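File shown: entry_12.cif. Contents: mmCIF, N, CA and C atoms.
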data_query
loop_
_atom_site.label_atom_id
_atom_site.label_comp_id
_atom_site.auth_asym_id
_atom_site.auth_seq_id
_atom_site.Cartn_x
_atom_site.Cartn_y
_atom_site.Cartn_z
N ASN A 6 6.65 -3.13 -35.77
CA ASN A 6 5.31 -2.84 -35.27
C ASN A 6 5.26 -3.01 -33.75
N ASN A 7 5.94 -4.00 -33.23
CA ASN A 7 5.98 -4.25 -31.80
C ASN A 7 6.56 -3.07 -31.04
N MET A 8 7.56 -2.39 -31.63
CA MET A 8 8.19 -1.25 -30.98
C MET A 8 7.28 -0.03 -30.95
N ARG A 9 6.31 0.05 -31.86
CA ARG A 9 5.43 1.21 -31.94
C ARG A 9 4.19 1.06 -31.07
N ASN A 10 3.99 -0.08 -30.49
CA ASN A 10 2.82 -0.34 -29.66
C ASN A 10 2.96 0.41 -28.33
N PRO A 11 2.07 1.36 -28.04
CA PRO A 11 2.20 2.13 -26.79
C PRO A 11 2.02 1.28 -25.55
N TRP A 12 1.29 0.18 -25.67
CA TRP A 12 1.11 -0.70 -24.51
C TRP A 12 2.43 -1.34 -24.12
N ASN A 13 3.26 -1.65 -25.12
CA ASN A 13 4.59 -2.19 -24.80
C ASN A 13 5.43 -1.16 -24.05
N LEU A 14 5.34 0.08 -24.48
CA LEU A 14 6.10 1.13 -23.80
C LEU A 14 5.66 1.27 -22.35
N LEU A 15 4.36 1.26 -22.11
CA LEU A 15 3.86 1.32 -20.73
C LEU A 15 4.34 0.13 -19.93
N ARG A 16 4.23 -1.04 -20.52
CA ARG A 16 4.64 -2.27 -19.83
C ARG A 16 6.12 -2.25 -19.51
N TRP A 17 6.96 -1.87 -20.49
CA TRP A 17 8.41 -1.81 -20.27
C TRP A 17 8.78 -0.76 -19.24
N THR A 18 8.07 0.37 -19.26
CA THR A 18 8.34 1.42 -18.29
C THR A 18 8.03 0.94 -16.88
N LEU A 19 6.88 0.32 -16.71
CA LEU A 19 6.54 -0.21 -15.39
C LEU A 19 7.49 -1.32 -14.98
N ALA A 20 7.88 -2.15 -15.91
CA ALA A 20 8.85 -3.21 -15.60
C ALA A 20 10.14 -2.58 -15.07
N ALA A 21 10.61 -1.54 -15.74
CA ALA A 21 11.84 -0.86 -15.31
C ALA A 21 11.67 -0.23 -13.93
N ILE A 22 10.51 0.35 -13.68
CA ILE A 22 10.26 0.99 -12.39
C ILE A 22 10.28 -0.03 -11.26
N PHE A 23 9.55 -1.14 -11.43
CA PHE A 23 9.49 -2.13 -10.36
C PHE A 23 10.81 -2.89 -10.20
N LEU A 24 11.47 -3.21 -11.31
CA LEU A 24 12.80 -3.83 -11.21
C LEU A 24 13.77 -2.90 -10.49
N SER A 25 13.75 -1.63 -10.86
CA SER A 25 14.65 -0.65 -10.23
C SER A 25 14.36 -0.52 -8.74
N ALA A 26 13.09 -0.50 -8.38
CA ALA A 26 12.73 -0.38 -6.97
C ALA A 26 13.24 -1.58 -6.18
N GLY A 27 13.07 -2.78 -6.72
CA GLY A 27 13.56 -3.98 -6.04
C GLY A 27 15.07 -3.99 -5.91
N VAL A 28 15.76 -3.65 -6.99
CA VAL A 28 17.23 -3.61 -6.96
C VAL A 28 17.71 -2.52 -6.01
N TYR A 29 17.04 -1.38 -6.03
CA TYR A 29 17.39 -0.29 -5.11
C TYR A 29 17.35 -0.77 -3.67
N ARG A 30 16.29 -1.50 -3.31
CA ARG A 30 16.16 -1.98 -1.94
C ARG A 30 17.23 -3.01 -1.59
N ILE A 31 17.76 -3.71 -2.58
CA ILE A 31 18.86 -4.64 -2.30
C ILE A 31 20.10 -3.86 -1.89
N PHE A 32 20.43 -2.83 -2.67
CA PHE A 32 21.65 -2.06 -2.41
C PHE A 32 21.49 -1.06 -1.27
N PHE A 33 20.27 -0.63 -1.03
CA PHE A 33 19.98 0.32 0.05
C PHE A 33 18.91 -0.27 0.95
N PHE A 34 19.26 -1.40 1.55
CA PHE A 34 18.31 -2.17 2.35
C PHE A 34 17.75 -1.33 3.49
N GLU A 35 18.58 -0.51 4.08
CA GLU A 35 18.14 0.32 5.21
C GLU A 35 17.01 1.27 4.79
N ALA A 36 17.06 1.76 3.57
CA ALA A 36 15.99 2.63 3.07
C ALA A 36 14.67 1.88 3.01
N GLY A 37 14.71 0.64 2.54
CA GLY A 37 13.50 -0.19 2.52
C GLY A 37 13.00 -0.50 3.91
N ARG A 38 13.94 -0.75 4.81
CA ARG A 38 13.61 -1.00 6.21
C ARG A 38 12.93 0.22 6.82
N GLN A 39 13.52 1.38 6.58
CA GLN A 39 12.96 2.63 7.10
C GLN A 39 11.58 2.91 6.51
N GLU A 40 11.42 2.58 5.24
CA GLU A 40 10.13 2.76 4.57
C GLU A 40 9.03 2.00 5.31
N LEU A 41 9.31 0.74 5.63
CA LEU A 41 8.30 -0.08 6.32
C LEU A 41 8.06 0.41 7.74
N LEU A 42 9.11 0.85 8.42
CA LEU A 42 8.93 1.42 9.75
C LEU A 42 8.02 2.64 9.70
N THR A 43 8.24 3.49 8.69
CA THR A 43 7.42 4.69 8.53
C THR A 43 5.96 4.33 8.26
N LEU A 44 5.75 3.26 7.51
CA LEU A 44 4.39 2.81 7.21
C LEU A 44 3.78 1.98 8.34
N GLY A 45 4.57 1.74 9.40
CA GLY A 45 4.07 0.96 10.51
C GLY A 45 3.93 -0.52 10.19
N LEU A 46 4.77 -1.01 9.28
CA LEU A 46 4.72 -2.41 8.87
C LEU A 46 5.97 -3.13 9.37
N PRO A 47 5.91 -4.45 9.51
CA PRO A 47 7.08 -5.20 9.99
C PRO A 47 8.23 -5.17 8.98
N VAL A 48 9.44 -4.91 9.47
CA VAL A 48 10.59 -4.81 8.58
C VAL A 48 10.96 -6.15 7.96
N LYS A 49 10.48 -7.23 8.53
CA LYS A 49 10.77 -8.54 7.93
C LYS A 49 10.11 -8.71 6.57
N LEU A 50 9.25 -7.78 6.19
CA LEU A 50 8.62 -7.83 4.87
C LEU A 50 9.53 -7.32 3.76
N VAL A 51 10.62 -6.63 4.10
CA VAL A 51 11.49 -6.04 3.08
C VAL A 51 11.96 -7.07 2.06
N PRO A 52 12.50 -8.23 2.46
CA PRO A 52 12.94 -9.20 1.45
C PRO A 52 11.80 -9.68 0.54
N PHE A 53 10.60 -9.82 1.10
CA PHE A 53 9.45 -10.25 0.30
C PHE A 53 9.06 -9.17 -0.70
N ILE A 54 9.11 -7.93 -0.28
CA ILE A 54 8.79 -6.82 -1.19
C ILE A 54 9.83 -6.75 -2.31
N ILE A 55 11.10 -6.95 -1.96
CA ILE A 55 12.16 -6.96 -2.98
C ILE A 55 11.88 -8.04 -4.02
N CYS A 56 11.61 -9.24 -3.56
CA CYS A 56 11.32 -10.35 -4.49
C CYS A 56 10.07 -10.06 -5.30
N PHE A 57 9.04 -9.58 -4.64
CA PHE A 57 7.78 -9.25 -5.31
C PHE A 57 8.00 -8.24 -6.43
N GLU A 58 8.72 -7.16 -6.15
CA GLU A 58 8.94 -6.13 -7.17
C GLU A 58 9.80 -6.64 -8.33
N ILE A 59 10.82 -7.40 -8.02
CA ILE A 59 11.70 -7.91 -9.07
C ILE A 59 10.95 -8.93 -9.94
N ILE A 60 10.22 -9.84 -9.32
CA ILE A 60 9.48 -10.84 -10.09
C ILE A 60 8.40 -10.16 -10.93
N ALA A 61 7.67 -9.22 -10.34
CA ALA A 61 6.63 -8.50 -11.10
C ALA A 61 7.26 -7.76 -12.28
N GLY A 62 8.40 -7.10 -12.05
CA GLY A 62 9.08 -6.38 -13.12
C GLY A 62 9.53 -7.30 -14.24
N ILE A 63 10.08 -8.44 -13.88
CA ILE A 63 10.53 -9.40 -14.89
C ILE A 63 9.34 -9.92 -15.70
N LEU A 64 8.26 -10.27 -15.01
CA LEU A 64 7.07 -10.77 -15.72
C LEU A 64 6.51 -9.73 -16.68
N LEU A 65 6.49 -8.47 -16.27
CA LEU A 65 6.03 -7.41 -17.18
C LEU A 65 6.99 -7.27 -18.35
N LEU A 66 8.28 -7.33 -18.07
CA LEU A 66 9.29 -7.17 -19.11
C LEU A 66 9.17 -8.24 -20.19
N VAL A 67 8.94 -9.48 -19.76
CA VAL A 67 8.86 -10.58 -20.72
C VAL A 67 7.43 -10.85 -21.20
N ASN A 68 6.51 -9.97 -20.79
CA ASN A 68 5.12 -10.04 -21.28
C ASN A 68 4.42 -11.34 -20.88
N LYS A 69 4.60 -11.74 -19.63
CA LYS A 69 3.95 -12.95 -19.11
C LYS A 69 3.03 -12.57 -17.96
N TYR A 70 1.83 -13.12 -17.99
CA TYR A 70 0.85 -12.92 -16.92
C TYR A 70 0.60 -11.44 -16.64
N VAL A 71 0.56 -10.62 -17.68
CA VAL A 71 0.46 -9.17 -17.53
C VAL A 71 -0.81 -8.78 -16.78
N ARG A 72 -1.92 -9.39 -17.10
CA ARG A 72 -3.18 -9.04 -16.42
C ARG A 72 -3.12 -9.38 -14.94
N ILE A 73 -2.62 -10.55 -14.63
CA ILE A 73 -2.53 -10.96 -13.21
C ILE A 73 -1.54 -10.06 -12.47
N VAL A 74 -0.37 -9.84 -13.07
CA VAL A 74 0.64 -9.00 -12.44
C VAL A 74 0.10 -7.58 -12.25
N SER A 75 -0.60 -7.07 -13.26
CA SER A 75 -1.19 -5.73 -13.15
C SER A 75 -2.19 -5.66 -12.01
N LEU A 76 -3.02 -6.66 -11.90
CA LEU A 76 -4.02 -6.69 -10.84
C LEU A 76 -3.36 -6.73 -9.46
N VAL A 77 -2.35 -7.58 -9.30
CA VAL A 77 -1.65 -7.68 -8.02
C VAL A 77 -0.91 -6.38 -7.70
N LEU A 78 -0.26 -5.79 -8.70
CA LEU A 78 0.44 -4.52 -8.48
C LEU A 78 -0.55 -3.40 -8.16
N MET A 79 -1.72 -3.41 -8.78
CA MET A 79 -2.74 -2.41 -8.45
C MET A 79 -3.15 -2.53 -6.98
N ALA A 80 -3.38 -3.76 -6.52
CA ALA A 80 -3.75 -3.97 -5.12
C ALA A 80 -2.62 -3.49 -4.19
N PHE A 81 -1.39 -3.80 -4.56
CA PHE A 81 -0.21 -3.38 -3.79
C PHE A 81 -0.16 -1.85 -3.70
N LEU A 82 -0.38 -1.18 -4.83
CA LEU A 82 -0.32 0.28 -4.85
C LEU A 82 -1.50 0.92 -4.13
N VAL A 83 -2.69 0.35 -4.28
CA VAL A 83 -3.84 0.88 -3.55
C VAL A 83 -3.59 0.77 -2.05
N ALA A 84 -3.08 -0.37 -1.61
CA ALA A 84 -2.79 -0.55 -0.19
C ALA A 84 -1.78 0.49 0.30
N ALA A 85 -0.73 0.73 -0.50
CA ALA A 85 0.27 1.72 -0.11
C ALA A 85 -0.33 3.12 -0.06
N LEU A 86 -1.17 3.45 -1.04
CA LEU A 86 -1.79 4.78 -1.07
C LEU A 86 -2.76 4.96 0.10
N VAL A 87 -3.57 3.96 0.37
CA VAL A 87 -4.52 4.03 1.49
C VAL A 87 -3.77 4.15 2.81
N ARG A 88 -2.72 3.33 2.95
CA ARG A 88 -1.93 3.38 4.18
C ARG A 88 -1.31 4.76 4.38
N SER A 89 -0.83 5.36 3.30
CA SER A 89 -0.21 6.68 3.41
C SER A 89 -1.22 7.73 3.84
N VAL A 90 -2.42 7.67 3.30
CA VAL A 90 -3.46 8.63 3.69
C VAL A 90 -3.86 8.41 5.14
N MET A 91 -3.96 7.15 5.55
CA MET A 91 -4.32 6.84 6.94
C MET A 91 -3.28 7.39 7.91
N LEU A 92 -2.02 7.27 7.56
CA LEU A 92 -0.96 7.69 8.47
C LEU A 92 -0.65 9.18 8.40
N ALA A 93 -0.67 9.74 7.22
CA ALA A 93 -0.21 11.12 7.07
C ALA A 93 -1.33 12.13 6.90
N GLY A 94 -2.46 11.70 6.35
CA GLY A 94 -3.57 12.61 6.15
C GLY A 94 -3.16 13.89 5.43
N PRO A 95 -3.61 15.03 5.94
CA PRO A 95 -3.29 16.31 5.28
C PRO A 95 -1.78 16.60 5.22
N ALA A 96 -1.02 16.09 6.17
CA ALA A 96 0.43 16.33 6.16
C ALA A 96 1.10 15.70 4.94
N LEU A 97 0.42 14.74 4.33
CA LEU A 97 0.95 14.10 3.13
C LEU A 97 1.25 15.12 2.05
N TRP A 98 0.39 16.11 1.92
CA TRP A 98 0.53 17.10 0.85
C TRP A 98 1.60 18.13 1.16
N ALA A 99 2.12 18.16 2.37
CA ALA A 99 3.08 19.19 2.77
C ALA A 99 4.54 18.71 2.73
N ARG A 100 4.78 17.48 2.30
CA ARG A 100 6.14 16.93 2.36
C ARG A 100 6.71 16.65 0.97
N ALA A 101 8.02 16.61 0.90
CA ALA A 101 8.70 16.26 -0.36
C ALA A 101 9.11 14.79 -0.29
N GLY A 102 9.43 14.17 -1.44
CA GLY A 102 9.73 12.75 -1.43
C GLY A 102 10.88 12.32 -2.30
N GLU A 103 11.10 11.04 -2.29
CA GLU A 103 12.15 10.41 -3.09
C GLU A 103 11.51 9.51 -4.14
N LEU A 104 12.30 9.11 -5.09
CA LEU A 104 11.76 8.35 -6.21
C LEU A 104 11.40 6.91 -5.85
N PHE A 105 12.29 6.18 -5.19
CA PHE A 105 12.05 4.75 -5.01
C PHE A 105 11.58 4.35 -3.62
N VAL A 106 11.59 5.25 -2.68
CA VAL A 106 11.14 4.92 -1.33
C VAL A 106 9.82 5.61 -1.09
N PHE A 107 8.78 4.84 -0.85
CA PHE A 107 7.47 5.43 -0.58
C PHE A 107 7.55 6.07 0.79
N ASP A 108 7.63 7.38 0.78
CA ASP A 108 7.97 8.15 1.98
C ASP A 108 6.82 9.05 2.41
N LEU A 109 5.58 8.69 2.11
CA LEU A 109 4.41 9.44 2.51
C LEU A 109 4.47 10.90 2.07
N THR A 110 4.85 11.11 0.83
CA THR A 110 5.01 12.46 0.29
C THR A 110 4.08 12.69 -0.89
N PRO A 111 3.84 13.95 -1.24
CA PRO A 111 3.00 14.23 -2.39
C PRO A 111 3.58 13.64 -3.68
N THR A 112 4.88 13.74 -3.81
CA THR A 112 5.52 13.21 -5.02
C THR A 112 5.29 11.72 -5.13
N ASP A 113 5.52 11.01 -4.04
CA ASP A 113 5.34 9.55 -4.07
C ASP A 113 3.87 9.18 -4.23
N PHE A 114 2.97 9.91 -3.57
CA PHE A 114 1.55 9.63 -3.71
C PHE A 114 1.13 9.80 -5.17
N PHE A 115 1.56 10.89 -5.80
CA PHE A 115 1.24 11.13 -7.21
C PHE A 115 1.85 10.05 -8.09
N MET A 116 3.14 9.75 -7.85
CA MET A 116 3.84 8.77 -8.66
C MET A 116 3.12 7.41 -8.60
N HIS A 117 2.73 6.98 -7.41
CA HIS A 117 2.06 5.69 -7.28
C HIS A 117 0.66 5.74 -7.87
N SER A 118 0.01 6.88 -7.81
CA SER A 118 -1.29 7.02 -8.47
C SER A 118 -1.14 6.87 -9.98
N VAL A 119 -0.08 7.45 -10.53
CA VAL A 119 0.19 7.31 -11.96
C VAL A 119 0.46 5.84 -12.30
N PHE A 120 1.25 5.18 -11.46
CA PHE A 120 1.49 3.75 -11.67
C PHE A 120 0.16 3.00 -11.72
N LEU A 121 -0.74 3.35 -10.81
CA LEU A 121 -2.03 2.68 -10.76
C LEU A 121 -2.81 2.88 -12.06
N VAL A 122 -2.80 4.10 -12.59
CA VAL A 122 -3.48 4.37 -13.87
C VAL A 122 -2.87 3.55 -14.99
N ILE A 123 -1.55 3.49 -15.03
CA ILE A 123 -0.88 2.70 -16.07
C ILE A 123 -1.23 1.22 -15.92
N LEU A 124 -1.23 0.72 -14.69
CA LEU A 124 -1.58 -0.68 -14.46
C LEU A 124 -3.02 -0.96 -14.88
N LEU A 125 -3.93 -0.03 -14.60
CA LEU A 125 -5.31 -0.20 -15.06
C LEU A 125 -5.35 -0.28 -16.58
N SER A 126 -4.56 0.55 -17.24
CA SER A 126 -4.50 0.51 -18.71
C SER A 126 -4.01 -0.85 -19.19
N LEU A 127 -2.95 -1.34 -18.58
CA LEU A 127 -2.43 -2.66 -18.97
C LEU A 127 -3.45 -3.75 -18.70
N PHE A 128 -4.10 -3.68 -17.54
CA PHE A 128 -5.06 -4.70 -17.16
C PHE A 128 -6.20 -4.79 -18.18
N PHE A 129 -6.76 -3.65 -18.57
CA PHE A 129 -7.87 -3.67 -19.51
C PHE A 129 -7.42 -3.92 -20.94
N HIS A 130 -6.22 -3.52 -21.28
CA HIS A 130 -5.70 -3.74 -22.64
C HIS A 130 -5.43 -5.22 -22.89
N GLU A 131 -4.95 -5.94 -21.89
CA GLU A 131 -4.54 -7.34 -22.07
C GLU A 131 -5.70 -8.33 -22.03
N ARG A 132 -6.93 -7.85 -21.92
CA ARG A 132 -8.09 -8.77 -21.92
C ARG A 132 -8.18 -9.48 -23.25
N LYS A 133 -8.44 -10.75 -23.20
CA LYS A 133 -8.57 -11.53 -24.45
C LYS A 133 -9.70 -12.51 -24.32
#
Structure encoded using structure tokens:
Amino acid sequence: NNMRNPWNLLRWTLAAIFLSAGVYRIFFFEAGRQELLTLGLPVKLVPFIICFEIIAGILLLVNKYVRIVSLVLMAFLVAALVRSVMLAGPALWARAGELFVFDLTPTDFFMHSVFLVILLSLFFHERK
């Protein structure tokens, strides 16, 4: 029954996405550094973002603090989306993107918007 629960699938998918993003930044640190430069943020945040994504992914994977993690990840994604619109505006829609590096592209904007919808679903589903 646990395997058939769609909320588990959403949670595991998001866990995999955030874990993968954190691990990606470990192996391709320069990409994470460039991401923050593009967003106009200090590059010293890269290690914190790596830890944040990995810890959030692990907590989602093991089904701990899902509502809190979802809320924090929603805030993180809203901030990234707002920042991208502030910096790129209409040009945002004219660029292509990559999967794990938020590169101010339509693909990444859409992908993070989808993450936000999934996180909202988890947040409201986990109410008790």
For a quick check of your reading of the model, name the residues lying within 12 Å of the coordinate (6.5, -10.9, -16.0), counting only C-alpha atoms, and write them as a list in words.
Arg16, Trp17, Leu19, Ala20, Ala21, Phe23, Leu24, Phe57, Glu58, Ile59, Ile60, Ala61, Gly62, Ile63, Leu64, Leu65, Leu66, Val67, Asn68, Lys69, Tyr70, Val71, Arg72, Ile73, Val74, Ser75, Val77 and Leu78 of chain A
For atom CA of Val87 of chain A and atom N of Val119 of chain A, the interatomic separation in Å (one decimal):
13.3 Å
Grab the atom CA of Ala93 of chain A to atom CA of Phe114 of chain A distance for me, in Å with one decimal place.
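Computing it gives 11.0 Å between the two atoms.
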To verify the selection step, state as a list of chain:residue names which residues the PyMOL selection byres (((chain A and resi 43-45 and name CA) around 10) and name CA) yields on this input.
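Output of the PyMOL selection byres (((chain A and resi 43-45 and name CA) around 10) and name CA): A:Gly37, A:Arg38, A:Gln39, A:Glu40, A:Leu41, A:Leu42, A:Leu46, A:Pro47, A:Val48, A:Ala85, A:Arg88, A:Ser89, A:Met91, A:Leu92, A:Ala93, A:Phe107, A:Asp108, A:Leu109.
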If you run DSSP on the backbone, which residues of segment 28-104 of chain A are helix (DSSP H, G or I), as a ChimeraX atom specification?
/A:28-32,34-43,48-66,71-99
Would you kindly place all heavy atoms on segment 25-36 of chain A and return the model as a PDB file, in the coordinates of the input?
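Writing the result to result06.pdb gives the following:
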ATOM      1  N   SER A  25      13.750  -1.630 -10.860  1.00  0.00           N
ATOM      2  CA  SER A  25      14.650  -0.650 -10.230  1.00  0.00           C
ATOM      3  C   SER A  25      14.360  -0.520  -8.740  1.00  0.00           C
ATOM      4  O   SER A  25      15.287  -0.421  -7.936  1.00  0.00           O
ATOM      5  CB  SER A  25      14.495   0.721 -10.901  1.00  0.00           C
ATOM      6  OG  SER A  25      14.872   0.671 -12.247  1.00  0.00           O
ATOM      7  N   ALA A  26      13.090  -0.500  -8.380  1.00  0.00           N
ATOM      8  CA  ALA A  26      12.730  -0.380  -6.970  1.00  0.00           C
ATOM      9  C   ALA A  26      13.240  -1.580  -6.180  1.00  0.00           C
ATOM     10  O   ALA A  26      13.799  -1.431  -5.082  1.00  0.00           O
ATOM     11  CB  ALA A  26      11.220  -0.243  -6.823  1.00  0.00           C
ATOM     12  N   GLY A  27      13.070  -2.780  -6.720  1.00  0.00           N
ATOM     13  CA  GLY A  27      13.560  -3.980  -6.040  1.00  0.00           C
ATOM     14  C   GLY A  27      15.070  -3.990  -5.910  1.00  0.00           C
ATOM     15  O   GLY A  27      15.617  -4.284  -4.843  1.00  0.00           O
ATOM     16  N   VAL A  28      15.760  -3.650  -6.990  1.00  0.00           N
ATOM     17  CA  VAL A  28      17.230  -3.610  -6.960  1.00  0.00           C
ATOM     18  C   VAL A  28      17.710  -2.520  -6.010  1.00  0.00           C
ATOM     19  O   VAL A  28      18.668  -2.714  -5.263  1.00  0.00           O
ATOM     20  CB  VAL A  28      17.790  -3.428  -8.393  1.00  0.00           C
ATOM     21  CG1 VAL A  28      19.278  -3.153  -8.372  1.00  0.00           C
ATOM     22  CG2 VAL A  28      17.482  -4.662  -9.240  1.00  0.00           C
ATOM     23  N   TYR A  29      17.040  -1.380  -6.030  1.00  0.00           N
ATOM     24  CA  TYR A  29      17.390  -0.290  -5.110  1.00  0.00           C
ATOM     25  C   TYR A  29      17.350  -0.770  -3.670  1.00  0.00           C
ATOM     26  O   TYR A  29      18.266  -0.501  -2.886  1.00  0.00           O
ATOM     27  CB  TYR A  29      16.442   0.899  -5.308  1.00  0.00           C
ATOM     28  CG  TYR A  29      16.700   2.034  -4.356  1.00  0.00           C
ATOM     29  CD1 TYR A  29      17.646   3.004  -4.656  1.00  0.00           C
ATOM     30  CD2 TYR A  29      16.006   2.138  -3.156  1.00  0.00           C
ATOM     31  CE1 TYR A  29      17.898   4.054  -3.785  1.00  0.00           C
ATOM     32  CE2 TYR A  29      16.245   3.176  -2.278  1.00  0.00           C
ATOM     33  CZ  TYR A  29      17.192   4.130  -2.596  1.00  0.00           C
ATOM     34  OH  TYR A  29      17.442   5.159  -1.726  1.00  0.00           O
ATOM     35  N   ARG A  30      16.290  -1.500  -3.310  1.00  0.00           N
ATOM     36  CA  ARG A  30      16.160  -1.980  -1.940  1.00  0.00           C
ATOM     37  C   ARG A  30      17.230  -3.010  -1.590  1.00  0.00           C
ATOM     38  O   ARG A  30      17.566  -3.163  -0.413  1.00  0.00           O
ATOM     39  CB  ARG A  30      14.758  -2.555  -1.732  1.00  0.00           C
ATOM     40  CG  ARG A  30      13.709  -1.491  -1.583  1.00  0.00           C
ATOM     41  CD  ARG A  30      12.325  -2.096  -1.345  1.00  0.00           C
ATOM     42  NE  ARG A  30      11.336  -1.067  -1.177  1.00  0.00           N
ATOM     43  CZ  ARG A  30      10.767  -0.388  -2.157  1.00  0.00           C
ATOM     44  NH1 ARG A  30      11.089  -0.643  -3.402  1.00  0.00           N
ATOM     45  NH2 ARG A  30       9.861   0.531  -1.916  1.00  0.00           N
ATOM     46  N   ILE A  31      17.760  -3.710  -2.580  1.00  0.00           N
ATOM     47  CA  ILE A  31      18.860  -4.640  -2.300  1.00  0.00           C
ATOM     48  C   ILE A  31      20.100  -3.860  -1.890  1.00  0.00           C
ATOM     49  O   ILE A  31      20.753  -4.181  -0.900  1.00  0.00           O
ATOM     50  CB  ILE A  31      19.158  -5.519  -3.537  1.00  0.00           C
ATOM     51  CG1 ILE A  31      18.021  -6.511  -3.770  1.00  0.00           C
ATOM     52  CG2 ILE A  31      20.491  -6.254  -3.357  1.00  0.00           C
ATOM     53  CD1 ILE A  31      18.121  -7.276  -5.081  1.00  0.00           C
ATOM     54  N   PHE A  32      20.430  -2.830  -2.670  1.00  0.00           N
ATOM     55  CA  PHE A  32      21.650  -2.060  -2.410  1.00  0.00           C
ATOM     56  C   PHE A  32      21.490  -1.060  -1.270  1.00  0.00           C
ATOM     57  O   PHE A  32      22.478  -0.672  -0.653  1.00  0.00           O
ATOM     58  CB  PHE A  32      22.115  -1.357  -3.686  1.00  0.00           C
ATOM     59  CG  PHE A  32      22.654  -2.310  -4.700  1.00  0.00           C
ATOM     60  CD1 PHE A  32      21.903  -2.658  -5.807  1.00  0.00           C
ATOM     61  CD2 PHE A  32      23.910  -2.891  -4.533  1.00  0.00           C
ATOM     62  CE1 PHE A  32      22.393  -3.562  -6.741  1.00  0.00           C
ATOM     63  CE2 PHE A  32      24.405  -3.797  -5.452  1.00  0.00           C
ATOM     64  CZ  PHE A  32      23.649  -4.131  -6.562  1.00  0.00           C
ATOM     65  N   PHE A  33      20.270  -0.630  -1.030  1.00  0.00           N
ATOM     66  CA  PHE A  33      19.980   0.320   0.050  1.00  0.00           C
ATOM     67  C   PHE A  33      18.910  -0.270   0.950  1.00  0.00           C
ATOM     68  O   PHE A  33      17.831   0.291   1.124  1.00  0.00           O
ATOM     69  CB  PHE A  33      19.551   1.674  -0.533  1.00  0.00           C
ATOM     70  CG  PHE A  33      20.599   2.306  -1.405  1.00  0.00           C
ATOM     71  CD1 PHE A  33      20.553   2.140  -2.771  1.00  0.00           C
ATOM     72  CD2 PHE A  33      21.642   3.032  -0.840  1.00  0.00           C
ATOM     73  CE1 PHE A  33      21.523   2.703  -3.586  1.00  0.00           C
ATOM     74  CE2 PHE A  33      22.617   3.599  -1.637  1.00  0.00           C
ATOM     75  CZ  PHE A  33      22.568   3.434  -3.014  1.00  0.00           C
ATOM     76  N   PHE A  34      19.260  -1.400   1.550  1.00  0.00           N
ATOM     77  CA  PHE A  34      18.310  -2.170   2.350  1.00  0.00           C
ATOM     78  C   PHE A  34      17.750  -1.330   3.490  1.00  0.00           C
ATOM     79  O   PHE A  34      16.567  -1.425   3.823  1.00  0.00           O
ATOM     80  CB  PHE A  34      18.998  -3.430   2.900  1.00  0.00           C
ATOM     81  CG  PHE A  34      18.045  -4.416   3.499  1.00  0.00           C
ATOM     82  CD1 PHE A  34      17.363  -5.310   2.697  1.00  0.00           C
ATOM     83  CD2 PHE A  34      17.814  -4.439   4.862  1.00  0.00           C
ATOM     84  CE1 PHE A  34      16.473  -6.225   3.233  1.00  0.00           C
ATOM     85  CE2 PHE A  34      16.925  -5.355   5.414  1.00  0.00           C
ATOM     86  CZ  PHE A  34      16.255  -6.243   4.604  1.00  0.00           C
ATOM     87  N   GLU A  35      18.580  -0.510   4.080  1.00  0.00           N
ATOM     88  CA  GLU A  35      18.140   0.320   5.210  1.00  0.00           C
ATOM     89  C   GLU A  35      17.010   1.270   4.790  1.00  0.00           C
ATOM     90  O   GLU A  35      16.108   1.541   5.576  1.00  0.00           O
ATOM     91  CB  GLU A  35      19.312   1.112   5.790  1.00  0.00           C
ATOM     92  CG  GLU A  35      18.967   1.949   7.004  1.00  0.00           C
ATOM     93  CD  GLU A  35      18.381   1.153   8.167  1.00  0.00           C
ATOM     94  OE1 GLU A  35      18.735  -0.028   8.349  1.00  0.00           O
ATOM     95  OE2 GLU A  35      17.553   1.734   8.901  1.00  0.00           O
ATOM     96  N   ALA A  36      17.060   1.760   3.570  1.00  0.00           N
ATOM     97  CA  ALA A  36      15.990   2.630   3.070  1.00  0.00           C
ATOM     98  C   ALA A  36      14.670   1.880   3.010  1.00  0.00           C
ATOM     99  O   ALA A  36      13.618   2.406   3.389  1.00  0.00           O
ATOM    100  CB  ALA A  36      16.350   3.200   1.701  1.00  0.00           C
TER     101      ALA A  36
END
